[in-house]
>>> print(open('final.txt').read())   # compact mmCIF, C-alpha atoms
# COMPACT_ATOMS: atom_id res chain seq x y z
CA MET A 1 47.15 72.14 123.93
CA ALA A 2 49.12 75.38 123.77
CA SER A 3 48.00 78.09 121.39
CA ASN A 4 50.24 79.06 118.47
CA ASN A 5 50.06 82.63 119.72
CA ASP A 6 52.01 81.64 122.82
CA HIS A 7 55.18 81.28 120.75
CA ASP A 8 57.53 84.21 120.31
CA VAL A 9 58.15 85.54 116.85
CA ALA A 10 61.73 84.72 115.77
CA ALA A 11 63.80 86.87 113.42
CA ILE A 12 66.66 86.07 111.14
CA ALA A 13 68.80 89.09 110.39
CA ALA A 14 71.47 89.68 107.80
CA ASP A 15 74.77 91.53 108.33
CA GLY A 16 74.92 90.93 112.07
CA GLY A 17 71.39 92.17 112.71
CA ALA A 18 71.57 95.35 110.65
CA ASP A 19 68.66 94.51 108.36
CA GLU A 20 65.79 92.22 109.26
CA ILE A 21 65.06 90.20 106.15
CA LEU A 22 63.12 87.16 107.32
CA THR A 23 60.68 86.28 110.07
CA TYR A 24 58.36 83.39 110.76
CA LYS A 25 54.92 83.64 112.23
CA PRO A 26 52.65 81.18 114.01
CA LEU A 27 50.20 79.36 111.78
CA ALA A 28 46.76 80.91 111.52
CA SER A 29 44.16 79.28 113.75
CA ASP A 30 42.08 78.33 110.73
CA SER A 31 44.98 76.56 109.03
CA ALA A 32 44.26 72.98 108.03
CA VAL A 33 47.47 71.93 109.72
CA SER A 34 46.87 73.70 113.03
CA ALA A 35 43.29 72.45 113.07
CA ASN A 36 44.48 68.86 112.82
CA PRO A 37 44.35 67.49 116.40
CA HIS A 38 46.91 64.82 115.53
CA ILE A 39 49.70 67.35 114.98
CA PRO A 40 51.11 69.20 118.02
CA SER A 41 50.67 72.91 117.42
CA VAL A 42 54.21 73.66 118.56
CA SER A 43 55.57 71.29 115.90
CA ALA A 44 53.29 72.62 113.22
CA SER A 45 54.35 76.18 113.99
CA ALA A 46 58.05 75.30 114.15
CA VAL A 47 58.07 73.37 110.89
CA LEU A 48 55.45 75.11 108.81
CA GLY A 49 55.35 78.64 110.21
CA GLU A 50 54.62 81.34 107.68
CA SER A 51 57.47 83.54 106.48
CA GLU A 52 57.58 87.05 105.16
CA SER A 53 58.40 87.54 101.51
CA MET A 54 61.98 88.41 100.61
CA PRO A 55 62.54 91.86 99.11
CA ASP A 56 62.13 91.85 95.32
CA ASP A 57 65.70 93.09 94.81
CA HIS A 58 67.36 90.65 97.21
CA PRO A 59 70.07 88.51 95.52
CA ILE A 60 69.05 84.96 94.70
CA CYS A 61 71.20 81.83 94.72
CA GLN A 62 71.83 80.78 91.14
CA GLY A 63 74.99 79.26 89.68
CA HIS A 64 76.33 79.05 86.15
CA ASP A 65 74.11 77.36 83.56
CA PHE A 66 76.31 75.31 81.23
CA ASP A 67 73.40 74.98 78.81
CA ALA A 68 73.83 78.69 78.15
CA SER A 69 75.74 79.74 75.07
CA ASN A 70 78.50 81.53 76.99
CA ASN A 71 80.69 79.15 78.99
CA SER A 72 83.77 81.35 79.05
CA ILE A 73 85.81 81.81 82.22
CA ASP A 74 84.41 85.34 82.44
CA ALA A 75 80.82 84.09 82.42
CA ILE A 76 81.58 81.41 85.01
CA MET A 77 83.33 83.92 87.26
CA GLN A 78 80.43 86.35 86.97
CA SER A 79 78.13 83.65 88.36
CA MET A 80 80.30 83.14 91.44
CA LEU A 81 78.63 85.85 93.50
CA GLY A 82 75.30 84.06 93.34
CA THR A 83 76.61 80.53 93.75
CA GLY A 84 76.98 80.59 97.53
CA PHE A 85 79.62 79.43 100.00
CA GLN A 86 83.23 80.25 99.08
CA ALA A 87 82.33 80.84 95.43
CA SER A 88 80.42 83.91 96.57
CA ASN A 89 83.40 85.05 98.62
CA VAL A 90 85.59 84.70 95.53
CA GLY A 91 83.13 86.93 93.72
CA LYS A 92 83.20 89.44 96.57
CA ALA A 93 87.01 89.37 96.57
CA VAL A 94 87.04 90.22 92.86
CA GLU A 95 84.78 93.21 93.55
CA GLU A 96 86.98 94.33 96.46
CA ILE A 97 90.13 94.18 94.31
CA LYS A 98 88.37 96.20 91.63
CA ARG A 99 87.44 98.81 94.22
CA MET A 100 90.98 99.18 95.55
CA ARG A 101 92.36 99.55 92.03
CA GLN A 102 89.73 102.03 90.89
CA TRP A 103 89.75 104.22 93.99
CA ARG A 104 90.78 107.82 93.58
CA LEU A 105 90.81 110.56 96.19
CA SER A 106 88.23 112.32 94.03
CA ASP A 107 85.78 109.65 95.24
CA VAL A 108 85.92 111.36 98.65
CA PRO A 109 84.51 114.91 98.85
CA TRP A 110 86.89 117.56 100.17
CA LYS A 111 85.61 119.10 103.40
CA GLU A 112 86.51 122.08 105.52
CA GLY A 113 89.61 121.37 107.57
CA ASP A 114 91.16 119.05 104.95
CA ASP A 115 94.52 119.87 103.39
CA GLU A 116 94.10 122.85 101.04
CA ALA A 117 96.62 121.27 98.68
CA LEU A 118 94.11 118.46 98.13
CA LYS A 119 91.16 120.71 97.32
CA ASP A 120 91.64 120.82 93.55
CA PRO A 121 89.49 118.06 91.93
CA ALA A 122 92.16 117.58 89.27
CA VAL A 123 94.71 116.80 91.98
CA ARG A 124 92.34 114.43 93.73
CA ARG A 125 91.85 112.46 90.52
CA THR A 126 95.58 111.70 90.40
CA ILE A 127 95.80 110.10 93.85
CA ARG A 128 95.15 106.37 94.01
CA ALA A 129 95.30 103.68 96.70
CA ARG A 130 98.62 102.04 97.53
CA ILE A 131 98.34 98.26 97.14
CA PHE A 132 100.24 95.93 99.48
CA PHE A 133 100.58 92.35 98.24
CA ALA A 134 101.68 89.60 100.63
CA TYR A 135 102.18 85.88 100.20
CA THR A 136 103.79 82.91 101.92
CA SER A 137 106.74 81.09 100.38
CA ASN A 138 104.70 78.17 99.03
CA GLN A 139 103.13 80.54 96.52
CA ILE A 140 106.55 80.88 94.87
CA SER A 141 107.42 77.20 95.22
CA CYS A 142 104.34 76.33 93.15
CA GLY A 143 103.08 77.66 89.84
CA GLN A 144 101.58 80.73 91.49
CA ARG A 145 105.02 82.29 90.92
CA GLU A 146 104.06 83.02 87.32
CA VAL A 147 100.90 84.83 88.43
CA ILE A 148 102.87 86.90 90.95
CA LYS A 149 105.53 87.65 88.34
CA PHE A 150 102.79 89.08 86.10
CA LEU A 151 101.77 91.52 88.84
CA ALA A 152 105.36 92.63 89.45
CA LYS A 153 106.22 92.84 85.74
CA HIS A 154 103.32 95.19 85.05
CA LYS A 155 103.80 97.15 88.30
CA MET A 156 100.29 96.44 89.51
CA VAL A 157 101.21 96.35 93.20
CA ASP A 158 103.21 98.89 95.19
CA ALA A 159 104.84 96.82 97.93
CA ILE A 160 105.42 93.10 98.42
CA VAL A 161 105.75 91.21 101.71
CA THR A 162 106.87 87.59 101.82
CA THR A 163 108.87 85.06 103.79
CA ALA A 164 112.41 83.78 103.26
CA GLY A 165 111.32 80.92 101.03
CA GLY A 166 109.48 83.40 98.84
CA ILE A 167 112.86 85.02 98.15
CA GLU A 168 115.17 82.07 97.65
CA GLU A 169 112.71 79.85 95.76
CA ASP A 170 112.28 82.61 93.18
CA ILE A 171 116.04 82.74 92.58
CA ILE A 172 116.43 78.95 92.67
CA LYS A 173 113.86 78.54 89.90
CA CYS A 174 116.07 80.69 87.68
CA PHE A 175 118.68 77.90 87.83
CA GLU A 176 116.71 74.66 88.15
CA HIS A 177 113.15 73.36 87.90
CA THR A 178 110.80 72.33 90.67
CA TYR A 179 109.10 69.04 89.82
CA MET A 180 105.67 67.53 90.35
CA GLY A 181 105.43 64.77 92.95
CA ASP A 182 102.78 63.43 95.28
CA PHE A 183 101.61 64.23 98.81
CA LYS A 184 102.06 60.59 99.79
CA LEU A 185 105.68 60.07 98.75
CA SER A 186 107.80 58.65 101.58
CA GLY A 187 109.87 61.25 103.38
CA ARG A 188 112.46 58.60 104.35
CA ALA A 189 112.87 57.44 100.77
CA LEU A 190 113.15 61.00 99.45
CA ARG A 191 115.70 61.94 102.10
CA LYS A 192 117.96 59.09 101.03
CA LYS A 193 117.81 60.40 97.46
CA GLY A 194 118.49 64.02 98.40
CA ILE A 195 115.06 65.20 97.25
CA ASN A 196 112.98 67.61 99.30
CA ARG A 197 109.17 67.59 99.23
CA ILE A 198 106.96 70.69 99.39
CA GLY A 199 103.43 69.24 99.46
CA ASN A 200 103.19 67.45 96.12
CA LEU A 201 106.24 69.25 94.67
CA LEU A 202 109.81 67.95 94.58
CA VAL A 203 112.99 70.02 94.89
CA PRO A 204 116.34 68.23 94.48
CA ASN A 205 119.12 69.30 96.85
CA LYS A 206 121.23 70.38 93.88
CA ASN A 207 118.81 73.28 93.36
CA TYR A 208 119.81 74.73 96.71
CA CYS A 209 123.47 74.00 96.04
CA LYS A 210 123.32 76.09 92.87
CA PHE A 211 121.60 78.88 94.74
CA GLU A 212 124.24 78.82 97.46
CA ASP A 213 127.06 78.78 94.90
CA TRP A 214 125.51 81.92 93.38
CA VAL A 215 124.60 83.82 96.53
CA ALA A 216 127.73 83.15 98.64
CA PRO A 217 130.05 85.32 96.48
CA LEU A 218 127.36 88.01 96.35
CA ILE A 219 127.20 88.15 100.15
CA GLY A 220 131.00 88.51 100.17
CA LYS A 221 130.80 91.33 97.64
CA MET A 222 128.11 93.12 99.61
CA HIS A 223 130.21 92.70 102.74
CA ASP A 224 133.10 94.42 100.93
CA GLU A 225 130.78 97.27 99.94
CA GLN A 226 129.49 97.56 103.50
CA ASP A 227 133.01 97.81 104.93
CA ALA A 228 134.06 100.32 102.25
CA ARG A 229 131.07 102.50 103.09
CA TRP A 230 131.90 102.15 106.78
CA ALA A 231 135.48 103.25 106.20
CA GLU A 232 134.34 106.21 104.09
CA GLN A 233 131.83 107.31 106.73
CA ALA A 234 134.47 107.03 109.43
CA LYS A 235 136.88 109.12 107.37
CA GLN A 236 134.25 111.82 106.76
CA MET A 237 133.35 111.97 110.44
CA ALA A 238 136.99 112.19 111.45
CA GLU A 239 137.56 115.05 109.03
CA ALA A 240 134.42 116.86 110.18
CA ASN A 241 134.90 116.40 113.89
CA GLY A 242 138.64 116.18 114.19
CA SER A 243 138.26 112.91 116.05
CA SER A 244 138.94 109.27 115.45
CA GLY A 245 136.42 107.52 113.22
CA ASP A 246 136.60 104.27 115.16
CA ALA A 247 133.22 104.87 116.81
CA SER A 248 131.39 105.49 113.53
CA PRO A 249 128.38 103.21 113.13
CA PRO A 250 128.74 100.63 110.36
CA PHE A 251 126.85 100.99 107.11
CA ALA A 252 124.42 98.12 106.64
CA CYS A 253 121.84 97.36 103.98
CA THR A 254 118.28 96.44 104.85
CA PRO A 255 116.63 93.13 103.94
CA SER A 256 114.61 94.93 101.23
CA GLU A 257 117.82 96.42 99.78
CA PHE A 258 119.47 92.98 99.92
CA ILE A 259 116.48 91.49 98.08
CA ALA A 260 116.55 94.26 95.45
CA ARG A 261 120.21 93.42 94.89
CA LEU A 262 119.30 89.78 94.33
CA GLY A 263 116.76 90.87 91.72
CA LYS A 264 119.30 93.12 90.02
CA GLU A 265 122.03 90.47 89.93
CA ILE A 266 119.83 87.58 88.79
CA ALA A 267 118.60 89.65 85.80
CA HIS A 268 116.20 86.87 84.80
CA GLU A 269 112.83 87.70 83.23
CA GLU A 270 111.09 84.75 84.92
CA SER A 271 112.01 86.14 88.33
CA VAL A 272 109.54 88.02 90.53
CA LEU A 273 112.45 89.75 92.28
CA TYR A 274 113.94 90.90 88.98
CA TRP A 275 110.72 92.67 87.97
CA ALA A 276 110.24 94.06 91.47
CA TYR A 277 113.76 95.53 91.29
CA LYS A 278 113.22 96.86 87.77
CA ASN A 279 109.90 98.50 88.69
CA ASP A 280 111.10 99.81 92.04
CA ILE A 281 108.65 97.69 94.05
CA PRO A 282 110.10 97.13 97.53
CA VAL A 283 110.04 93.52 98.70
CA PHE A 284 109.94 93.20 102.49
CA CYS A 285 111.03 90.07 104.32
CA PRO A 286 111.63 90.71 108.04
CA ALA A 287 112.57 87.04 108.56
CA LEU A 288 114.98 86.85 105.63
CA THR A 289 117.38 84.63 107.60
CA ASP A 290 114.71 81.94 108.11
CA GLY A 291 115.83 79.84 105.16
CA SER A 292 118.68 79.23 102.75
CA VAL A 293 119.75 82.90 102.76
CA GLY A 294 120.12 82.62 106.54
CA ASP A 295 122.14 79.44 106.12
CA MET A 296 124.54 81.25 103.80
CA ILE A 297 124.87 84.25 106.11
CA TYR A 298 125.54 81.82 108.96
CA PHE A 299 128.29 80.04 107.00
CA HIS A 300 129.73 83.38 105.87
CA SER A 301 129.95 84.57 109.48
CA TYR A 302 132.49 81.83 110.29
CA LYS A 303 134.71 82.85 107.42
CA ARG A 304 134.25 86.57 107.92
CA PRO A 305 132.12 87.96 110.77
CA GLY A 306 130.53 91.38 110.57
CA PHE A 307 128.00 91.32 107.74
CA VAL A 308 124.90 93.18 108.96
CA LEU A 309 121.28 93.46 107.79
CA ASP A 310 119.43 96.44 109.24
CA ILE A 311 115.79 95.48 109.91
CA SER A 312 115.04 98.72 111.77
CA ARG A 313 115.21 100.83 108.59
CA ASP A 314 112.91 98.38 106.84
CA ILE A 315 110.20 98.62 109.48
CA ARG A 316 110.41 102.40 109.13
CA ARG A 317 110.18 102.06 105.36
CA ILE A 318 107.12 99.80 105.17
CA ASN A 319 105.28 101.66 107.93
CA ASP A 320 105.94 104.99 106.22
CA LEU A 321 104.59 103.61 102.94
CA ALA A 322 101.33 102.87 104.74
CA VAL A 323 101.21 106.16 106.64
CA ARG A 324 102.08 108.16 103.54
CA SER A 325 99.03 106.89 101.63
CA HIS A 326 95.64 108.50 101.17
CA ALA A 327 94.15 105.01 100.93
CA THR A 328 95.56 101.49 101.05
CA GLY A 329 94.55 98.07 99.85
CA GLN A 330 95.99 94.74 100.93
CA ILE A 331 95.82 91.36 99.23
CA ILE A 332 97.21 88.60 101.42
CA LEU A 333 97.71 84.99 100.35
CA GLY A 334 98.28 82.76 103.36
CA GLY A 335 98.94 83.70 106.97
CA GLY A 336 101.80 83.93 109.41
CA LEU A 337 104.48 86.59 109.18
CA ALA A 338 103.57 87.85 105.71
CA LYS A 339 99.98 88.49 106.75
CA HIS A 340 100.74 90.12 110.09
CA HIS A 341 103.60 92.29 108.82
CA THR A 342 101.32 93.74 106.14
CA CYS A 343 98.39 94.28 108.49
CA ASN A 344 100.63 95.79 111.16
CA ALA A 345 102.02 98.34 108.71
CA ASN A 346 98.45 99.37 107.90
CA LEU A 347 97.71 99.66 111.62
CA MET A 348 100.05 102.67 111.60
CA ARG A 349 97.44 104.55 109.52
CA ASN A 350 94.44 103.23 111.46
CA GLY A 351 93.81 100.40 109.02
CA ALA A 352 93.61 99.47 105.36
CA ASP A 353 90.66 100.73 103.34
CA PHE A 354 90.40 97.57 101.21
CA SER A 355 91.38 94.02 102.18
CA VAL A 356 91.27 90.55 100.68
CA TYR A 357 92.49 87.48 102.57
CA VAL A 358 92.89 84.09 100.91
CA ASN A 359 93.81 81.29 103.30
CA THR A 360 92.60 78.09 104.90
CA GLY A 361 93.23 79.16 108.50
CA HIS A 362 90.54 79.11 111.19
CA GLU A 363 90.27 81.39 114.18
CA PHE A 364 89.30 78.81 116.83
CA ASP A 365 92.93 78.52 118.03
CA GLY A 366 93.52 82.27 118.25
CA SER A 367 96.21 82.24 115.55
CA ASP A 368 96.89 85.38 113.55
CA GLY A 369 96.95 83.30 110.37
CA GLY A 370 93.36 82.21 110.92
CA ALA A 371 92.14 85.50 112.30
CA SER A 372 89.18 86.95 110.44
CA PRO A 373 89.11 90.44 108.91
CA ASP A 374 86.70 91.42 111.69
CA GLU A 375 89.37 90.62 114.27
CA ALA A 376 91.78 92.84 112.33
CA ILE A 377 89.22 95.65 112.54
CA SER A 378 89.29 95.35 116.34
CA TRP A 379 93.05 96.03 116.23
CA GLY A 380 92.80 98.90 113.77
CA LYS A 381 94.56 96.95 111.01
CA ILE A 382 91.49 97.29 108.78
CA ARG A 383 89.29 100.38 108.92
CA ILE A 384 85.87 100.27 110.55
CA THR A 385 84.39 101.62 107.31
CA ALA A 386 85.94 98.87 105.17
CA ALA A 387 84.18 95.88 103.61
CA PRO A 388 86.95 93.25 103.78
CA VAL A 389 86.64 89.76 102.29
CA LYS A 390 88.14 86.47 103.39
CA VAL A 391 88.15 83.53 100.99
CA CYS A 392 88.66 80.20 102.74
CA ALA A 393 90.34 78.27 99.93
CA ASP A 394 93.62 77.10 98.45
CA ALA A 395 95.12 80.23 96.89
CA THR A 396 96.55 78.21 93.99
CA ILE A 397 92.99 77.52 92.86
CA VAL A 398 91.24 80.82 93.42
CA PHE A 399 93.86 83.55 93.07
CA PRO A 400 94.58 82.98 89.34
CA LEU A 401 90.82 83.18 88.77
CA MET A 402 90.65 86.42 90.73
CA VAL A 403 93.55 87.89 88.74
CA SER A 404 91.83 86.91 85.49
CA GLN A 405 88.92 89.17 86.41
CA THR A 406 90.93 92.09 87.74
CA PHE A 407 94.62 92.75 87.05
CA ALA A 408 94.70 90.77 83.80
CA LYS A 409 91.56 92.43 82.41
CA ASP A 410 92.94 95.85 81.66
CA VAL A 411 96.74 95.80 81.62
CA GLU A 412 97.30 98.67 79.19
CA ALA A 413 94.34 100.69 80.45
CA TRP A 414 95.65 100.34 84.01
CA LYS A 415 99.10 101.54 82.99
CA GLU A 416 97.65 104.48 81.12
CA GLY A 417 95.31 105.44 83.94
CA ALA A 418 97.92 105.06 86.67
CA LYS A 419 100.96 106.59 84.97
CA ASP A 420 100.30 110.10 86.30
CA CYS A 421 98.94 108.94 89.65
CA VAL A 422 100.63 108.89 93.04
CA CYS A 423 99.66 107.36 96.37
CA TRP A 424 100.72 110.39 98.41
CA LEU A 425 100.60 114.02 97.30
CA ASP A 426 104.23 114.74 98.20
CA ASP A 427 105.34 111.95 95.84
CA ALA A 428 104.22 114.09 92.90
CA THR A 429 106.87 116.74 93.61
>>> encode(input="final.txt", output="structure tokens")
Amino acid sequence: MASNNDHDVAAIAADGGADEILTYKPLASDSAVSANPHIPSVSASAVLGESESMPDDHPICQGHDFDASNNSIDAIMQSMLGTGFQASNVGKAVEEIKRMRQWRLSDVPWKEGDDEALKDPAVRRTIRARIFFAYTSNQISCGQREVIKFLAKHKMVDAIVTTAGGIEEDIIKCFEHTYMGDFKLSGRALRKKGINRIGNLLVPNKNYCKFEDWVAPLIGKMHDEQDARWAEQAKQMAEANGSSGDASPPFACTPSEFIARLGKEIAHEESVLYWAYKNDIPVFCPALTDGSVGDMIYFHSYKRPGFVLDISRDIRRINDLAVRSHATGQIILGGGLAKHHTCNANLMRNGADFSVYVNTGHEFDGSDGGASPDEAISWGKIRITAAPVKVCADATIVFPLMVSQTFAKDVEAWKEGAKDCVCWLDDAT
């Protein structure tokens, strides 16, 4: 029979091997178990091997005790970190959001070679992290819209990235309701009734008709403004150069400018876009034509060709927002375009300092939507020094809880503390 000492000592390490926290050892030769000839020593060692004690200060797994006197949402959320699985990741996400909101340049010591203009501690205390907030369109289709509106209304994020549905659904809800349905409703039956299904939500066709009736004249008006600006530019160039203005490039608004105009024109206090416009929060949507807005631009082009949206100025704008930041945070609900566009902007500054992902994607298929924060680090989209968090969960469940412990905790204190802050020193002048 083989001796227990012939077996290698195995180690279990935390944080990818950074800290050895647990080992098992072969059973002592005088152990009652190992001395029992009826039990193979290899089995005894494998099953009942001794372990080292865990450090006294190592976190333990313990969830919320409902026999306790405090069963408030705050108390339950505070127990998340020690609950395990995705509950712990929710708790970590809350802490990461707190860090990105609290960060000031004064947290980082000035060193020789740094910008002299940033040496004054008083200046450093006024520079905060720029927060990018991204979400897929379903977050507006559902009741998450009200949570997102809260963030925009109180100017708690600095830039928004979404998809086409995240734009049009916000406007549509200013005219008509979205209704509760069921995941199992028949698509054939709904189609015959002119009702569209988004998961377990129902959107009648008339909702889109009202949106199109509203947006079509606005596109025409913006086309008039574009052509008038074009004519004025051509006239100015002709006067300056003494040449024909026919070759003057056309004036065109960007998707973010188009979206700001929608927010201005809708002037509805339940609208995310209205509050984004009012608080000067740019809303980026590089695939703005991938939805009802695109349908309307398509129809408009048959009646009057020539309306242009300039995406090149928008990519410059969002990338510059990232580059012109002393630190950045990103909160991303869902995957796809909204996630990648936000991460790619932060790549331009060698990665975001703080990151929270909330999605149900998995990385086994190589998709960007399912890619882990660690994969983003390999691309430079998240900094090597960061401690990003991914929560694998339905954002409609966990994000309102996360907001309850962060953005909603200190609305007035946040406004007071941030009112004299900037994200880039030059913005203060």
>>> atom_distance(input="final.txt", atom1="atom CA of A:Ile331", atom2="atom CA of A:Val358")
8.0 Å
>>> residues_around(input="final.txt", residues="A:Ile160", least_positions_apart="2", cutoff="8 Å", atoms="only C-alpha atoms", output="list in words")
Phe132, Phe133, Ala134, Val157, Asp158, Thr162, Ile281, Pro282, Val283 and Phe284 of chain A
>>> closest_residue(input="final.txt", among="A:Val161, A:Val411, A:Leu333, A:Ile171", to="A:Lys390", atoms="all atoms listed in the file")
A:Leu333
>>> atom_distance(input="final.txt", atom1="atom CA of A:Glu212", atom2="atom CA of A:Glu168")
9.6 Å
>>> residues_around(input="final.txt", residues="A:Thr83", least_positions_apart="4", cutoff="10 Å", atoms="all atoms listed in the file", output="MDAnalysis selection string")
chainID A and resid 60:64 77:79 87:89 91
>>> residues_around(input="final.txt", residues="A:Leu401", least_positions_apart="4", cutoff="9 Å", atoms="all atoms listed in the file", output="JSON, numbers by chain")
{"A": [73, 77, 90, 94, 397, 405, 406]}
>>> closest_residue(input="final.txt", among="A:Leu105, A:Met348, A:Ile315, A:Met180", to="A:Ala327", atoms="all atoms listed in the file")
A:Leu105
>>> residues_around(input="final.txt", residues="stretch 172-174 of chain A", least_positions_apart="5", cutoff="8 Å", atoms="only C-alpha atoms", output="ChimeraX atom specification")
/A:207-208,210-211,266,268,270-271
>>> atom_distance(input="final.txt", atom1="atom CA of A:Asp227", atom2="atom CA of A:Phe251")
7.3 Å
>>> closest_residue(input="final.txt", among="A:Asn71, A:Thr136, A:Ser312, A:Trp414", to="A:Ile148", atoms="all atoms listed in the file")
A:Thr136
>>> residues_around(input="final.txt", residues="stretch 120-128 of chain A", least_positions_apart="2", cutoff="7 Å", atoms="all atoms listed in the file", output="ChimeraX atom specification")
/A:103-106,118,130,420-424
>>> residues_near_point(input="final.txt", point="(85.3, 102.7, 104.4)", cutoff="6 Å", atoms="only C-alpha atoms", output="list in words")
Asp353, Thr385 and Ala386 of chain A
>>> residues_near_point(input="final.txt", point="(133.3, 90.3, 108.3)", cutoff="10 Å", atoms="all atoms listed in the file", output="number ranges by chain")
A: 220, 223-224, 226-227, 300-308
>>> closest_residue(input="final.txt", among="A:Gly165, A:His177, A:Pro37, A:Ser325", to="A:Asp426", atoms="only C-alpha atoms")
A:Ser325
>>> build_atoms(input="final.txt", residues="stretch 85-97 of chain A", atoms="N, CA, C and O atoms", output="mmCIF file, in the frame of the given file")
data_model
loop_
_atom_site.group_PDB
_atom_site.id
_atom_site.type_symbol
_atom_site.label_atom_id
_atom_site.label_comp_id
_atom_site.auth_asym_id
_atom_site.auth_seq_id
_atom_site.Cartn_x
_atom_site.Cartn_y
_atom_site.Cartn_z
ATOM 1 N N PHE A 85 78.421 79.939 99.337
ATOM 2 C CA PHE A 85 79.620 79.430 100.000
ATOM 3 C C PHE A 85 80.872 80.214 99.579
ATOM 4 O O PHE A 85 80.835 81.428 99.437
ATOM 5 N N GLN A 86 81.993 79.525 99.385
ATOM 6 C CA GLN A 86 83.230 80.250 99.080
ATOM 7 C C GLN A 86 83.252 80.802 97.656
ATOM 8 O O GLN A 86 83.994 81.741 97.365
ATOM 9 N N ALA A 87 82.431 80.252 96.775
ATOM 10 C CA ALA A 87 82.330 80.840 95.430
ATOM 11 C C ALA A 87 81.866 82.286 95.532
ATOM 12 O O ALA A 87 82.384 83.174 94.849
ATOM 13 N N SER A 88 80.904 82.541 96.409
ATOM 14 C CA SER A 88 80.420 83.910 96.570
ATOM 15 C C SER A 88 81.505 84.804 97.160
ATOM 16 O O SER A 88 81.626 85.983 96.794
ATOM 17 N N ASN A 89 82.306 84.248 98.062
ATOM 18 C CA ASN A 89 83.400 85.050 98.620
ATOM 19 C C ASN A 89 84.465 85.341 97.573
ATOM 20 O O ASN A 89 85.091 86.403 97.599
ATOM 21 N N VAL A 90 84.688 84.420 96.655
ATOM 22 C CA VAL A 90 85.590 84.700 95.530
ATOM 23 C C VAL A 90 85.041 85.872 94.720
ATOM 24 O O VAL A 90 85.772 86.797 94.343
ATOM 25 N N GLY A 91 83.746 85.832 94.451
ATOM 26 C CA GLY A 91 83.130 86.930 93.720
ATOM 27 C C GLY A 91 83.244 88.255 94.453
ATOM 28 O O GLY A 91 83.520 89.298 93.853
ATOM 29 N N LYS A 92 83.053 88.220 95.764
ATOM 30 C CA LYS A 92 83.200 89.440 96.570
ATOM 31 C C LYS A 92 84.643 89.931 96.569
ATOM 32 O O LYS A 92 84.895 91.145 96.555
ATOM 33 N N ALA A 93 85.597 88.996 96.598
ATOM 34 C CA ALA A 93 87.010 89.370 96.570
ATOM 35 C C ALA A 93 87.358 90.074 95.265
ATOM 36 O O ALA A 93 88.130 91.040 95.246
ATOM 37 N N VAL A 94 86.815 89.575 94.171
ATOM 38 C CA VAL A 94 87.040 90.220 92.860
ATOM 39 C C VAL A 94 86.536 91.660 92.908
ATOM 40 O O VAL A 94 87.220 92.593 92.463
ATOM 41 N N GLU A 95 85.346 91.852 93.463
ATOM 42 C CA GLU A 95 84.780 93.210 93.550
ATOM 43 C C GLU A 95 85.627 94.099 94.453
ATOM 44 O O GLU A 95 85.818 95.288 94.162
ATOM 45 N N GLU A 96 86.149 93.545 95.543
ATOM 46 C CA GLU A 96 86.980 94.330 96.460
ATOM 47 C C GLU A 96 88.298 94.746 95.802
ATOM 48 O O GLU A 96 88.773 95.876 95.973
ATOM 49 N N ILE A 97 88.897 93.839 95.028
ATOM 50 C CA ILE A 97 90.130 94.180 94.310
ATOM 51 C C ILE A 97 89.855 95.266 93.267
ATOM 52 O O ILE A 97 90.642 96.198 93.089
#
